[in-house]
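For reference, the structure is listed below as structure tokens.
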Amino acid sequence: MSSRVLPDFELLMPKDLGEGLQLLSRHGSDVAIMAGGTDVLVMMKANYRSPYVMSLAGIGGLDHLDWAPETGLRVGALTTVDQIEQSGAVKQHYRALWQAATLFATPQIRNSATVIGNLLRASPAGDCSCAVLALGGTVVLESVDGRREVAIDDFWLDYNLTARRPDEIAVELRLPPPGKGTGSAFRRLTRTHEDLAKLNASARLDVDGKICRTARLAMGCVGPTTQRLPKCEAILVGKAIDEALLKTLDDVIQSEIAPIDDKRSTAEYRRAVAGVLLRRTISQALAD
Amino acid sequence: MTAYSTIGKSIPKIDVKEKVTGRALYAADLKMPGMLYGKIVRCLDHAHARVLKLDLSVAAKMPGVVKVLGPDDIKAHSYNTGVLDLMVPEPVGKMLGDIEDQTVFTKHVKHQGDAICGIIAHSEEAAERAAEKVIVEYEPLPVYLTAEESMQPDAVQFTSLKPGNRAFQLPGEMFPNNAYGWGNVDEAMAAADFVVEDTFYVPKQKQCQMEPHAYIALFDDGGRLQCWTSTQMPKCVHIKLARMFDLPMSRVTVTQTVIGGGFGARLGMIGEPLACAMAMAVPGRPVKVLYTREEDWIASESRHPGKYWMKIGFSKDGAPVAVDALFRSYKGGYYTQGSGVAFTTGSWLGGMYKWGSCRYHGETYYTNHAPCGAYRGYGNPQTNFVMEQLVERACSKLGVDPVEWRKKWHKGVGDDGWCPGVTYPSCALDECLDRGAAAIGWTEKRAKYANQTGVKRRGVGVSVMNHTSGAFPMLLEHTTCTARLNEDATAEIMLACSDMGQGAHTALQQIAAEALGFRFEDIHIKAGDSDSNGFDIGAHASRTIYVGGAAVKSACEDARKELFARAAQYLECTVEQLTMRDKIIYLEGASNRSISAQEICARGVYNFVDAASGQRTGIPGQIQGYSSFLPTSNSPPFAACFAEVEIDTETGELTLIELVNAHDVGKAIHPASVEGNLEGGAQQGMGFALTEEIYYDKNGLCLNNSFTDYKMLGPSDMPKLTTILVENPDPLGPFGAKSAGEAGIVAPIGAVANAVFHALGIQIIEAPITAEKILEAIKKNGGV
Ligand SMILES: Cc1cc2nc3c(=O)[nH]c(=O)nc-3n(C[C@H](O)[C@H](O)[C@H](O)COP(=O)(O)OP(=O)(O)OC[C@H]3O[C@@H](n4cnc5c(N)ncnc54)[C@H](O)[C@@H]3O)c2cc1C
């Protein structure tokens with residue numbers, strides 16, 4: 001049950017990253033970090049309590065979105081989903097992330113929601129999260145003790161739990177540059193268009209001629225975190241992907257997912273369509 | 001066709017500016033000096049329980065708290081949020097079994113969200129913090145989520161007045177064998193060449209009006225109870241509050257605030273009793289009560305869900321020789337509109353086709369859901385989903401075109417409408433069917449989609465409906481209106497009809513202008529003030545233009561008559577010789593003799609005694625027209641809807657491609673408003689068919705009490721939508737108008753369901769038709 005009245009908390013508004021990190025080192029797990037607030041505020045209205053809320057809004061220089069062929073894409077902690085949608089570079093080189101951004105929520109939400117907030121929320125339904133897992137990359141975490149990078153494959157530990165330590169701020173997401181023949185895609189199934197995903201999937205394929213060199217497949221709402229599908233990936237690698245091969249994924253995927261049963265759909269339905277969604281996502285990535 | 005000056009023109013709606021600029025003041029926006037906040041503490045963790053202990057002592061001591069109130073602190077009668085008590089004579093109410101089973105605060109929780117106690121504090125924050133300190137101990141009771149559970153002999157009784165937890169069934173005194181209808185169904189069914197039959201499920205749909213419920217109440221120093229509310233029935237609330245708190249009506253005022261949508265959610269009372277009870281406890285201080293969206297969801301009314309069995313018998317030539325039906329709905333925790341929907345669901349059925357014989361049973365059982373009440377269509381959506389799918393099944397067995405079958409067998413002019421004995425005065429359904437079919441490309445698409453293969457399948461479906469314009473003769477139909485002419489020949493139209501966003505006040509202003517012969521801008525509608533407005537039963541049953549509009553027309557004609565009578569006296573002629581153009585009344589044939597309406601009005605008000613002659617300077621008295629209008633019919637509108645869908649047979653996902661909604665509106669007073677109402681209705685109808693349902697866990701706790709998980713169709717889900725207004729003026733409605741308020745929601749439901757059938761050859765008999773259900777049905781069918 002929500003309330004118009006937020007629970008009591010102290011608002012922290014650091015002016016720069018250094019101050020923010022200091023505040024975190026002092027108050028650590030008592031702090032809820034707020035970027036766009038589209039998750040945090042909703043949760044606070046529905047009884048989530050945290051003694052401190054630290055807004056990143058006053059920290060400059062966190063809303064960058066930089067692309068270079070050698071280093072890839074750098075997404076700042078305050079870079080919004082809308083910025084991703086508007087970016088020609090993301091559209092061209094990271095089609096999966098761009099597609100996730102265009103399908104994501106509504107314009108109002110996209111204007112404040114951040115990509116990093118989506119990763120940090122660690123929901124198995126996160127759309128940008130799903131695309132990022134397929135694209136591969138690292139999350140840069142910073143504390144007063146310095147920076148470290150955590151691969152996205154190791155980032156989500158459980159539902160709503162990440163590798164971030166309480167004294168760290170996620171300052172950047174880094175995505176590797178695509179190679180020649182890299183294509184990616186994102187798709188999701190929802191109840192209505194503007195909705196959270198029942199099931200989402202993303203694929204990144206590196207293709208040499210007709211042969212698939214590497215494949216990264218990600219799916220959401222089929223376990224406590226968004227997850228890779230290593231068995232399905234293995235089927236594709238080293239082969240020319242055609243309809244017949246794709247059809248075999250319908251069975252293979254069954255052994256690597258444990259779909260959730262929730263308000264948006266049933267585990268049974270998710271199981272029934274997981275293969276279909278995956279096949280379509282792969283075909284879309286091949287066409288990219 | 002008659003040439004009108006304002007009727008039929010889509011002039012800007014009178015409330016459009018304040019709404020689009022956000023300057024409209026809703027109840028939640030209002031602030032008053034010394035205002036306190038009332039927080040209703042609700043039971044959130046149980047759907048059925050008894051309160052064993054309520055300890056308010058800690059909460060009472062919290063900072064900012066003025067008063068805490070439990071069930072024993074309330075001095076008010078029990079009540080019923082519905083309004084049947086005002087709409088039928090008392091003996092009929094008794095026969096129908098209307099009861100008052102609600103109290104402000106309860107000790108027997110009958111649904112999640114039932115109100116336990118209240119806190120009055122200086123701020124909303126203080127009230128919320130104190131609410132957290134209320135200690136309640138509950139004894140959980142078994143939770144009943146279907147009629148089949150609550151009707152069991154050993155079930156806990158919701159009230160001693162309704163044995164077996166049956167809140168309502170059609171009373172035998174009025175309906176032999178508790179059924180509505182005619183003819184011998186058993187014989188006709190036995191003689192039928194074939195029958196179609198199924199048990200459907202219809203969902204608990206929420207009105208989703210934009211404005212959550214909000215109130216301010218004040219028991220003022222003069223001993224008057226005042227309530228600011230966006231109710232759609234201000235006069236009913238007026239008398240119901242008076243009765244509840246034992247006050248004469250002269251000591252109760254209801255001020256209607258801007259209504260942010262109603263769709264039935266504001267039919268009768270909702271939170272007014274709670275807000276007023278709190279205000280009575282702190283005389284002299286206004287108390288504001290704001291519902292959150294979730295509270296609105298779990299503590300206000302919704303559509304009646306339930307199981308709906310129907311069997312239709314046909315002869316070989318397609319004649320529908322018998323229809324037999326039982327709608328058993330799940331009432332929720334309180335009686336409220338217990339009799340209404342259970343009855344009307346059958347009326348819409350009976351009124352649609354030329355059934356050789358008809359038998360409808362309607363009953364409703366208490367369950368531990370939020371209570372069900374009124375929602376646009378009032379039983380018609382449920383019937384449309386069931387009846388139209390069965391008709392479709394029959395058409396496919398007969399091998400006849402569904403449009404042709406409907407043209408042949410729908411009722412029309414002279415046939416009995418939804419109420420036997422009241423015949424249809426007009427019907428343009430054939431034209432609706434023809435124009436709708438042409439607009440969607442019915443014949444071509446039916447053929448084109450007949451033999452599809454592949455993953456994506458298209459289908460087109462049709463559905464028809466009848467509705468009503470007001471509830472005559474079943475329920476009281478009455479609106480009073482005063483048309484007062486100002487001294488500058490403008491007019492104040494005073495009546496209690498509600499504008500809920502549907503544009504009623506704009507259309508009523510048009511009717512007034514037309515009837516008076518004044519300009520649109522000369523008219524002002526004064527509504528929403530129970531002190532100055534006379535009786536109006538309220539906005540329900542799609543009556544506002546048909547009945548309210550007729551009251552306005554009649555009051556304005558009354559004023560105009562007096563205006564002309566005075567003109568005749570001034571011009572020394574008869575009334576028949578007079579005409580009015582631009583508010584100047586001319587003596588026909590001698591146009592040099594005229595008098596302005598302004599002069600007549602002014603001389604009536606500024607009526608001096610001439611010093612020289614000792615005579616009055618004109619005909620004295622301010623002109624005031626009046627009408628206490630009671631209609632004598634209900635001119636039902638008809639509609640035909642066509643839908644095209646595409647289904648992904650691998651995922652069960654459905655895409656709405658196109659919807660054509662053709663409506664027999666009589667005459668559109670304000671065409672843009674009529675189209676807007678019908679489009680909005682279509683959005684809700686498609687939602688009923690495809691996505692909308694409140695659902696609960698096994699303990700009766702609501703799982704989707706907000707827009708996060710209750711899915712309505714958004715802008716990007718809407719198909720190409722064409723609304724066709726078929727104008728065939730009704731002989732009885734004001735300027736030929738029939739209703740268009742509720743009607744839009746109904747036919748899209750059957751049309752979408754039938755499009756699914758056309759696409760897949762499978763019928764989905766449980767609404768909403770989700771991807772999950774489609775995929776399962778395909779699987780069960782062994783593919784498509
Ligand atoms: C109406 C609506 C529709 C939505 N639709 C979608 C949708 O279609 N798809 C989807 O995936 N999500 C959707 N969401 C969820 C939400 O918008 C996303 O998860 C969004 O990306 C969160 O970003 P944010 O910046 O608003 O995060 P916030 O709410 O600010 O934070 C989210 C979480 O991340 C943490 N956090 C944020 N930034 C940092 C940081 N730099 N370092 C450490 N921790 C951090 C916060 O503490 C919090 O736990 C929707 C939400 C709403 C309200």
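Ordering of the structure tokens sets the chain letters (A, B, ...); residue numbers start at 1 within each chain; ligands are numbered from 1 in the order shown.
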Enumerate residues in contact with ligand 1: an atom-to-atom distance of at most 7 Å, counting only C-alpha atoms and all ligand atoms. Format the result as a count of residues only. 40
8 Å contacts from chain B to chain A using only C-alpha atoms, as a list in words: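 Therefore, the residues near the partner are Glu124, Glu125, Glu128, Thr292, Glu294, Glu295, Glu650, Thr651, Thr691, Leu703, Asn704, Thr708, Asp709, Lys711, Met712, Leu713, Gly714, Ser716, Asp717, Thr770 and Glu772 of chain B.
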Writing out the chosen residues with N, CA, C and O atoms as an mmCIF file, in the first residue's frame:
```cif
data_model
loop_
_atom_site.group_PDB
_atom_site.id
_atom_site.type_symbol
_atom_site.label_atom_id
_atom_site.label_comp_id
_atom_site.auth_asym_id
_atom_site.auth_seq_id
_atom_site.Cartn_x
_atom_site.Cartn_y
_atom_site.Cartn_z
ATOM 1 N N GLU B 124 -1.439 15.738 7.065
ATOM 2 C CA GLU B 124 -1.543 14.387 6.535
ATOM 3 C C GLU B 124 -0.417 13.520 7.102
ATOM 4 O O GLU B 124 -0.622 12.358 7.445
ATOM 5 N N GLU B 125 0.765 14.125 7.217
ATOM 6 C CA GLU B 125 1.920 13.396 7.765
ATOM 7 C C GLU B 125 1.624 12.909 9.181
ATOM 8 O O GLU B 125 1.835 11.743 9.508
ATOM 9 N N GLU B 128 -0.798 10.107 9.171
ATOM 10 C CA GLU B 128 -0.186 8.854 8.695
ATOM 11 C C GLU B 128 0.696 8.222 9.768
ATOM 12 O O GLU B 128 0.665 7.020 9.980
ATOM 13 N N THR B 292 -5.611 7.308 -1.505
ATOM 14 C CA THR B 292 -4.543 7.016 -2.462
ATOM 15 C C THR B 292 -5.163 6.188 -3.584
ATOM 16 O O THR B 292 -6.297 5.709 -3.463
ATOM 17 N N GLU B 294 -4.339 3.223 -4.457
ATOM 18 C CA GLU B 294 -4.547 1.849 -3.963
ATOM 19 C C GLU B 294 -5.796 1.754 -3.094
ATOM 20 O O GLU B 294 -6.520 0.764 -3.127
ATOM 21 N N GLU B 295 -6.013 2.800 -2.283
ATOM 22 C CA GLU B 295 -7.196 2.821 -1.423
ATOM 23 C C GLU B 295 -8.465 2.876 -2.272
ATOM 24 O O GLU B 295 -9.445 2.177 -2.010
ATOM 25 N N GLU B 650 2.383 -18.229 -32.008
ATOM 26 C CA GLU B 650 3.482 -18.812 -31.221
ATOM 27 C C GLU B 650 3.552 -18.248 -29.812
ATOM 28 O O GLU B 650 4.077 -18.889 -28.903
ATOM 29 N N THR B 651 3.096 -17.020 -29.633
ATOM 30 C CA THR B 651 3.166 -16.397 -28.302
ATOM 31 C C THR B 651 1.790 -16.105 -27.717
ATOM 32 O O THR B 651 1.681 -15.758 -26.545
ATOM 33 N N THR B 691 -7.333 -7.092 -21.384
ATOM 34 C CA THR B 691 -6.271 -6.921 -20.367
ATOM 35 C C THR B 691 -6.735 -6.664 -18.949
ATOM 36 O O THR B 691 -5.972 -6.863 -18.012
ATOM 37 N N LEU B 703 -3.782 -8.255 -5.675
ATOM 38 C CA LEU B 703 -2.423 -8.335 -6.210
ATOM 39 C C LEU B 703 -2.098 -7.195 -7.165
ATOM 40 O O LEU B 703 -0.947 -6.964 -7.489
ATOM 41 N N ASN B 704 -3.119 -6.537 -7.659
ATOM 42 C CA ASN B 704 -2.830 -5.462 -8.622
ATOM 43 C C ASN B 704 -3.687 -4.236 -8.333
ATOM 44 O O ASN B 704 -4.605 -3.914 -9.060
ATOM 45 N N THR B 708 0.481 -0.229 -12.015
ATOM 46 C CA THR B 708 1.666 -1.033 -12.338
ATOM 47 C C THR B 708 1.237 -2.394 -12.865
ATOM 48 O O THR B 708 1.807 -2.880 -13.844
ATOM 49 N N ASP B 709 0.257 -2.973 -12.210
ATOM 50 C CA ASP B 709 -0.109 -4.332 -12.604
ATOM 51 C C ASP B 709 -1.558 -4.497 -13.032
ATOM 52 O O ASP B 709 -1.976 -5.594 -13.380
ATOM 53 N N LYS B 711 -3.614 -3.492 -16.003
ATOM 54 C CA LYS B 711 -3.238 -2.919 -17.297
ATOM 55 C C LYS B 711 -4.456 -2.483 -18.096
ATOM 56 O O LYS B 711 -5.281 -3.296 -18.481
ATOM 57 N N MET B 712 -4.494 -1.182 -18.343
ATOM 58 C CA MET B 712 -5.446 -0.633 -19.305
ATOM 59 C C MET B 712 -4.688 -0.454 -20.606
ATOM 60 O O MET B 712 -3.464 -0.352 -20.607
ATOM 61 N N LEU B 713 -5.421 -0.362 -21.690
ATOM 62 C CA LEU B 713 -4.760 -0.078 -22.951
ATOM 63 C C LEU B 713 -4.290 1.373 -22.937
ATOM 64 O O LEU B 713 -5.059 2.273 -22.615
ATOM 65 N N GLY B 714 -3.039 1.566 -23.269
ATOM 66 C CA GLY B 714 -2.499 2.921 -23.363
ATOM 67 C C GLY B 714 -2.594 3.414 -24.796
ATOM 68 O O GLY B 714 -3.041 2.679 -25.689
ATOM 69 N N SER B 716 -0.496 3.723 -27.114
ATOM 70 C CA SER B 716 0.191 2.936 -28.140
ATOM 71 C C SER B 716 -0.447 1.560 -28.353
ATOM 72 O O SER B 716 -0.091 0.840 -29.278
ATOM 73 N N ASP B 717 -1.380 1.198 -27.486
ATOM 74 C CA ASP B 717 -2.077 -0.086 -27.669
ATOM 75 C C ASP B 717 -3.337 0.070 -28.500
ATOM 76 O O ASP B 717 -3.950 -0.920 -28.906
ATOM 77 N N THR B 770 -6.188 -13.009 -22.504
ATOM 78 C CA THR B 770 -4.758 -12.683 -22.444
ATOM 79 C C THR B 770 -3.971 -13.601 -23.370
ATOM 80 O O THR B 770 -4.474 -14.635 -23.834
ATOM 81 N N GLU B 772 -1.706 -15.495 -22.470
ATOM 82 C CA GLU B 772 -1.571 -16.790 -21.779
ATOM 83 C C GLU B 772 -2.755 -17.691 -22.124
ATOM 84 O O GLU B 772 -2.582 -18.887 -22.407
#
```
I'd like the contact shell of Gly503 of chain B - 12 Å cut-off, only C-alpha atoms, skipping same-chain residues fewer than 3 positions apart - returned as number ranges by chain. B: 10-16, 259, 261, 497-500, 506-510, 544-545, 668-677, 740-741
Please extract the residues of segment 9-220 of chain A with a backbone DSSP assignment of strand (DSSP E or B) and present them as number ranges by chain. A: 10-12, 31-34, 52-55, 65-68, 72-76, 80, 114, 138-143, 146-151, 156-158, 161-162, 169-175, 182-189, 199-208, 211-220
Using DSSP on the backbone, list every residue of segment 16-224 of chain A that comes out as alpha helix (DSSP H), and give them as a ChimeraX atom specification. /A:17-27,40-45,81-86,88-93,95-103,107-112,115-121,127-135
Taking 6 positions as the minimum chain separation for residues in the same chain, which residues sit within 7 Å of Ser184 of chain A when counting only C-alpha atoms? Answer as an mmCIF file with N, CA and C atoms, in the first residue's frame.
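File produced: out.cif:
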```cif
data_model
loop_
_atom_site.group_PDB
_atom_site.id
_atom_site.type_symbol
_atom_site.label_atom_id
_atom_site.label_comp_id
_atom_site.auth_asym_id
_atom_site.auth_seq_id
_atom_site.Cartn_x
_atom_site.Cartn_y
_atom_site.Cartn_z
ATOM 1 N N TYR A 94 25.189 -0.352 -30.825
ATOM 2 C CA TYR A 94 24.689 -1.182 -29.722
ATOM 3 C C TYR A 94 23.175 -1.295 -29.855
ATOM 4 N N ARG A 95 22.786 -1.905 -30.943
ATOM 5 C CA ARG A 95 21.374 -1.926 -31.306
ATOM 6 C C ARG A 95 20.496 -2.480 -30.170
ATOM 7 N N ALA A 96 21.023 -3.486 -29.474
ATOM 8 C CA ALA A 96 20.219 -4.099 -28.400
ATOM 9 C C ALA A 96 19.876 -3.070 -27.330
ATOM 10 N N ALA A 203 20.382 -10.516 -27.570
ATOM 11 C CA ALA A 203 21.426 -11.359 -28.185
ATOM 12 C C ALA A 203 22.491 -10.475 -28.794
ATOM 13 N N ARG A 204 23.727 -10.900 -28.636
ATOM 14 C CA ARG A 204 24.810 -10.284 -29.411
ATOM 15 C C ARG A 204 25.548 -11.407 -30.116
ATOM 16 N N LEU A 205 25.648 -11.263 -31.423
ATOM 17 C CA LEU A 205 26.292 -12.311 -32.216
ATOM 18 C C LEU A 205 27.435 -11.701 -33.003
ATOM 19 N N ALA A 285 18.976 -10.046 -34.376
ATOM 20 C CA ALA A 285 20.384 -9.657 -34.236
ATOM 21 C C ALA A 285 21.149 -9.961 -35.524
ATOM 22 N N ASP A 288 20.743 -7.334 -37.971
ATOM 23 C CA ASP A 288 21.243 -6.013 -37.567
ATOM 24 C C ASP A 288 22.460 -5.620 -38.410
#
```
For Ala662 of chain B, please output as a count of residues only all residues within 9 Å (counting only C-alpha atoms; exclusion window: fewer than 4 positions along the same chain). 16
With a distance cut-off of 9 Å and only C-alpha atoms, select the neighbouring residues of Leu278 of chain A, excluding the residue or stretch itself and same-chain residues fewer than 5 positions from it, and output the selection as a compact mmCIF listing (two decimals) with N, CA, C and O atoms, in the first residue's frame.
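Contents of selection.txt, freshly written:
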```
# COMPACT_ATOMS: atom_id res chain seq x y z
N ARG A 187 14.37 -7.82 -27.45
CA ARG A 187 12.92 -7.94 -27.60
C ARG A 187 12.31 -8.23 -26.23
O ARG A 187 12.97 -8.77 -25.35
N ASN A 200 12.03 -10.90 -21.24
CA ASN A 200 12.80 -10.15 -22.22
C ASN A 200 14.03 -10.93 -22.63
O ASN A 200 14.45 -11.87 -21.92
N ALA A 201 14.57 -10.61 -23.78
CA ALA A 201 15.72 -11.37 -24.29
C ALA A 201 16.58 -10.43 -25.10
O ALA A 201 16.10 -9.48 -25.72
N SER A 202 17.86 -10.74 -25.09
CA SER A 202 18.78 -9.94 -25.88
C SER A 202 19.87 -10.87 -26.41
O SER A 202 20.20 -11.88 -25.79
N ALA A 203 20.38 -10.52 -27.57
CA ALA A 203 21.43 -11.36 -28.18
C ALA A 203 22.49 -10.47 -28.79
O ALA A 203 22.19 -9.42 -29.36
N LEU A 217 23.86 -14.56 -25.17
CA LEU A 217 22.39 -14.53 -25.11
C LEU A 217 21.97 -14.25 -23.67
O LEU A 217 22.51 -14.84 -22.74
N ALA A 218 21.05 -13.34 -23.52
CA ALA A 218 20.58 -13.01 -22.17
C ALA A 218 19.06 -13.06 -22.13
O ALA A 218 18.39 -12.78 -23.12
N MET A 219 18.55 -13.44 -20.97
CA MET A 219 17.09 -13.48 -20.81
C MET A 219 16.71 -13.03 -19.40
O MET A 219 17.43 -13.30 -18.44
N LEU A 246 17.91 -22.90 -35.09
CA LEU A 246 17.19 -22.08 -34.10
C LEU A 246 16.10 -22.88 -33.42
O LEU A 246 15.87 -22.76 -32.22
N LEU A 249 16.75 -24.70 -30.26
CA LEU A 249 16.90 -23.95 -29.00
C LEU A 249 15.66 -24.08 -28.12
O LEU A 249 15.74 -23.97 -26.90
N ASP A 250 14.51 -24.30 -28.74
CA ASP A 250 13.27 -24.41 -27.97
C ASP A 250 13.41 -25.43 -26.84
O ASP A 250 12.93 -25.20 -25.73
N ILE A 253 16.74 -24.52 -24.27
CA ILE A 253 16.57 -23.43 -23.29
C ILE A 253 15.81 -23.91 -22.05
O ILE A 253 16.02 -23.39 -20.95
N VAL A 273 7.02 -19.79 -24.12
CA VAL A 273 7.40 -18.85 -25.17
C VAL A 273 8.87 -18.44 -25.14
O VAL A 273 9.32 -17.69 -26.00
N SER A 283 17.33 -13.93 -34.61
CA SER A 283 17.11 -13.57 -36.02
C SER A 283 17.22 -12.06 -36.22
O SER A 283 17.79 -11.58 -37.20
```
